[in-house]
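Q: Structure file work.txt (compact mmCIF, C-alpha atoms and all ligand atoms) is given on the next line.
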```
# COMPACT_ATOMS: atom_id res chain seq x y z
CA MET Z 1 -3.65 10.55 -8.81
CA LEU Z 2 -2.71 7.01 -7.91
CA GLU Z 3 -5.10 5.28 -5.51
CA VAL Z 4 -3.37 3.11 -2.89
CA ASN Z 5 -5.51 1.37 -0.31
CA VAL Z 6 -4.17 -0.85 2.50
CA CYS Z 7 -6.53 -3.28 4.21
CA ILE Z 8 -6.93 -2.88 7.96
CA GLY Z 9 -9.40 -5.72 8.38
CA SER Z 10 -8.71 -8.13 11.23
CA SER Z 11 -6.91 -10.76 9.13
CA CYS Z 12 -4.60 -8.21 7.50
CA HIS Z 13 -4.08 -6.51 10.84
CA ILE Z 14 -2.69 -9.79 12.19
CA LYS Z 15 -0.47 -10.14 9.10
CA GLY Z 16 1.08 -6.71 9.74
CA SER Z 17 -1.00 -4.08 7.97
CA TYR Z 18 0.15 -1.52 10.54
CA ASN Z 19 3.77 -2.02 9.45
CA VAL Z 20 2.82 -1.75 5.78
CA ILE Z 21 0.96 1.51 6.45
CA GLN Z 22 3.88 2.95 8.42
CA THR Z 23 6.34 1.98 5.69
CA PHE Z 24 4.22 3.44 2.88
CA GLN Z 25 3.56 6.67 4.79
CA GLN Z 26 7.24 7.11 5.50
CA ILE Z 27 8.19 6.72 1.84
CA ILE Z 28 5.39 9.05 0.73
CA GLU Z 29 6.67 11.61 3.23
CA GLU Z 30 10.35 11.24 2.32
CA ARG Z 31 9.68 11.52 -1.39
CA SER Z 32 6.95 14.17 -1.15
CA LEU Z 33 4.46 12.01 -3.02
CA HIS Z 34 1.34 13.45 -1.37
CA ASP Z 35 0.22 15.11 -4.56
CA ARG Z 36 0.66 11.93 -6.58
CA ILE Z 37 -0.71 9.24 -4.28
CA ASN Z 38 -4.12 9.15 -2.66
CA PHE Z 39 -3.25 6.90 0.28
CA LYS Z 40 -6.09 5.32 2.22
CA THR Z 41 -6.90 2.43 4.48
CA GLY Z 42 -10.01 0.33 4.29
CA PHE Z 43 -11.76 -2.70 5.65
CA CYS Z 44 -11.64 -6.28 4.40
CA MET Z 45 -11.03 -6.59 0.66
CA LYS Z 46 -12.05 -10.26 0.63
CA GLN Z 47 -8.44 -11.30 0.09
CA CYS Z 48 -7.96 -12.89 3.52
CA GLN Z 49 -7.18 -16.33 2.07
CA TYR Z 50 -3.93 -15.09 0.53
CA PRO Z 51 -0.69 -14.67 2.45
CA GLY Z 52 0.28 -11.08 3.07
CA VAL Z 53 -1.57 -7.83 3.61
CA ALA Z 54 -4.11 -6.89 0.94
CA VAL Z 55 -3.09 -3.73 -0.91
CA SER Z 56 -5.06 -2.24 -3.77
CA VAL Z 57 -3.13 -0.11 -6.27
CA SER Z 58 -5.48 1.60 -8.71
CA GLY Z 59 -7.97 -1.19 -8.11
CA VAL Z 60 -5.48 -4.03 -8.66
CA LYS Z 61 -5.17 -6.28 -5.61
CA HIS Z 62 -1.77 -7.30 -4.28
CA HIS Z 63 -0.69 -9.29 -1.25
CA VAL Z 64 2.24 -7.75 0.55
CA ASP Z 65 4.53 -9.41 3.06
CA CYS Z 66 4.96 -6.75 5.75
CA GLU Z 67 8.72 -7.43 5.82
CA LYS Z 68 8.89 -6.57 2.12
CA ALA Z 69 6.69 -3.47 2.13
CA THR Z 70 9.52 -1.12 1.17
CA GLY Z 71 10.54 -3.24 -1.81
CA PHE Z 72 6.92 -3.56 -2.91
CA PHE Z 73 6.42 0.18 -2.79
CA LEU Z 74 9.59 0.92 -4.74
CA THR Z 75 8.95 -1.65 -7.47
CA GLU Z 76 5.15 -1.73 -7.78
CA ILE Z 77 3.90 1.70 -6.68
CA LEU Z 78 6.65 4.24 -7.25
CA PRO Z 79 6.95 3.65 -11.02
CA LEU Z 80 3.20 4.29 -11.36
CA THR Z 81 3.52 7.74 -9.82
CA VAL Z 82 5.26 8.97 -12.95
CA ASN Z 83 2.83 10.71 -15.27
CA THR Z 84 -0.04 10.78 -12.76
CA GLU Z 85 -1.81 14.05 -12.25
S1 LIG Z 101 -8.93 -8.56 6.28
FE1 LIG Z 101 -7.72 -7.83 4.64
S2 LIG Z 101 -8.55 -8.83 2.93
FE2 LIG Z 101 -9.77 -9.51 4.55
```
Transcribe the structure of this file into structure tokens.
Ligand code: FES
A:
Amino acid sequence: MLEVNVCIGSSCHIKGSYNVIQTFQQIIEERSLHDRINFKTGFCMKQCQYPGVAVSVSGVKHHVDCEKATGFFLTEILPLTVNTE
């Protein structure tokens, strides 16, 4: 199971974490990835100084521009769902 965690702390909220969450949830729904991705939200990941919304994928921190959330999911998350139990 792939762990994906989107920050909903105040800094990331301002940078568009709501849009990132909506985008990720929509893709998970469309592609029926519920059994492969454990999708969560969490508070500040201490990544506020970076541009973009903090997203942790299996513990690896990324910084996602909310306008590019779909592309990020398809290139960085989707390939990791292969071979996860
Ligand atoms: S509020 Fe998201 S990393 Fe700090």
Q: Need the shell around region 5-20 of chain Z: protein/DNA/RNA residues with any atom at most 10 Å away, counting all atoms listed in the file. Skip same-chain ones fewer than 6 positions apart. Format as a PyMOL selection string?
A: chain Z and resi 26+38-70+72-73
Q: Could you work out how far CA of Leu2 (chain Z) lies from CA of Pro79 (chain Z), giving the answer in Å with one decimal?
A: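 Separating CA of Pro79 (chain Z) from CA of Leu2 (chain Z) is a distance of 10.7 Å.
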Q: Could you jot down the CA of Ile27 (chain Z) to atom S2 of ligand LIG 101 (chain Z) separation for me, Å, one decimal place?
A: 22.9 Å
Q: Will you model all heavy atoms for region 14-25 of chain Z and pass it back as a compact mmCIF listing (two decimals), in the frame of the given file?
A:
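In the end it all went to out22.txt:
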```
# COMPACT_ATOMS: atom_id res chain seq x y z
N ILE Z 14 -3.54 -8.76 11.59
CA ILE Z 14 -2.69 -9.79 12.19
C ILE Z 14 -1.45 -10.03 11.32
O ILE Z 14 -0.36 -10.29 11.82
CB ILE Z 14 -3.50 -11.09 12.38
CG1 ILE Z 14 -4.53 -10.88 13.48
CG2 ILE Z 14 -2.59 -12.27 12.70
CD1 ILE Z 14 -5.60 -11.95 13.56
N LYS Z 15 -1.61 -9.90 10.01
CA LYS Z 15 -0.47 -10.14 9.10
C LYS Z 15 0.47 -8.94 9.02
O LYS Z 15 1.47 -9.00 8.31
CB LYS Z 15 -1.00 -10.46 7.70
CG LYS Z 15 -1.76 -11.76 7.61
CD LYS Z 15 -2.31 -11.93 6.20
CE LYS Z 15 -3.43 -12.91 6.13
NZ LYS Z 15 -4.19 -12.78 4.87
N GLY Z 16 0.14 -7.83 9.67
CA GLY Z 16 1.08 -6.71 9.74
C GLY Z 16 0.70 -5.48 8.94
O GLY Z 16 1.58 -4.74 8.51
N SER Z 17 -0.60 -5.25 8.76
CA SER Z 17 -1.00 -4.08 7.97
C SER Z 17 -0.48 -2.76 8.58
O SER Z 17 -0.15 -1.82 7.85
CB SER Z 17 -2.51 -4.01 7.78
OG SER Z 17 -3.17 -3.92 9.00
N TYR Z 18 -0.35 -2.74 9.91
CA TYR Z 18 0.15 -1.52 10.54
C TYR Z 18 1.57 -1.20 10.04
O TYR Z 18 1.90 -0.06 9.74
CB TYR Z 18 0.14 -1.67 12.07
CG TYR Z 18 0.64 -0.46 12.81
CD1 TYR Z 18 -0.17 0.67 12.94
CD2 TYR Z 18 1.92 -0.44 13.36
CE1 TYR Z 18 0.31 1.80 13.61
CE2 TYR Z 18 2.39 0.68 14.02
CZ TYR Z 18 1.58 1.80 14.15
OH TYR Z 18 2.05 2.91 14.80
N ASN Z 19 2.40 -2.23 9.94
CA ASN Z 19 3.77 -2.02 9.45
C ASN Z 19 3.78 -1.56 8.00
O ASN Z 19 4.59 -0.71 7.61
CB ASN Z 19 4.59 -3.32 9.57
CG ASN Z 19 4.90 -3.65 11.00
OD1 ASN Z 19 4.83 -2.80 11.88
ND2 ASN Z 19 5.24 -4.90 11.25
N VAL Z 20 2.90 -2.14 7.19
CA VAL Z 20 2.82 -1.75 5.78
C VAL Z 20 2.42 -0.28 5.68
O VAL Z 20 3.02 0.50 4.93
CB VAL Z 20 1.82 -2.65 5.02
CG1 VAL Z 20 1.61 -2.14 3.59
CG2 VAL Z 20 2.32 -4.09 5.00
N ILE Z 21 1.44 0.12 6.47
CA ILE Z 21 0.96 1.51 6.45
C ILE Z 21 2.09 2.46 6.87
O ILE Z 21 2.34 3.48 6.21
CB ILE Z 21 -0.27 1.67 7.39
CG1 ILE Z 21 -1.46 0.92 6.80
CG2 ILE Z 21 -0.60 3.14 7.61
CD1 ILE Z 21 -2.58 0.69 7.79
N GLN Z 22 2.78 2.10 7.95
CA GLN Z 22 3.88 2.95 8.42
C GLN Z 22 4.97 3.09 7.36
O GLN Z 22 5.49 4.18 7.11
CB GLN Z 22 4.50 2.35 9.69
CG GLN Z 22 3.61 2.39 10.90
CD GLN Z 22 3.36 3.80 11.39
OE1 GLN Z 22 4.30 4.55 11.59
NE2 GLN Z 22 2.11 4.16 11.54
N THR Z 23 5.30 1.98 6.73
CA THR Z 23 6.34 1.98 5.69
C THR Z 23 5.91 2.86 4.51
O THR Z 23 6.68 3.71 4.04
CB THR Z 23 6.61 0.55 5.21
OG1 THR Z 23 7.06 -0.23 6.32
CG2 THR Z 23 7.67 0.52 4.11
N PHE Z 24 4.70 2.67 4.03
CA PHE Z 24 4.22 3.44 2.88
C PHE Z 24 4.18 4.94 3.22
O PHE Z 24 4.60 5.77 2.43
CB PHE Z 24 2.82 2.98 2.45
CG PHE Z 24 2.79 1.66 1.73
CD1 PHE Z 24 3.92 0.86 1.61
CD2 PHE Z 24 1.60 1.20 1.17
CE1 PHE Z 24 3.88 -0.36 0.94
CE2 PHE Z 24 1.56 -0.01 0.49
CZ PHE Z 24 2.69 -0.80 0.38
N GLN Z 25 3.67 5.25 4.41
CA GLN Z 25 3.56 6.67 4.79
C GLN Z 25 4.93 7.32 4.88
O GLN Z 25 5.11 8.48 4.50
CB GLN Z 25 2.81 6.81 6.12
CG GLN Z 25 1.32 6.61 5.96
CD GLN Z 25 0.55 6.78 7.25
OE1 GLN Z 25 1.06 6.48 8.32
NE2 GLN Z 25 -0.68 7.23 7.14
```
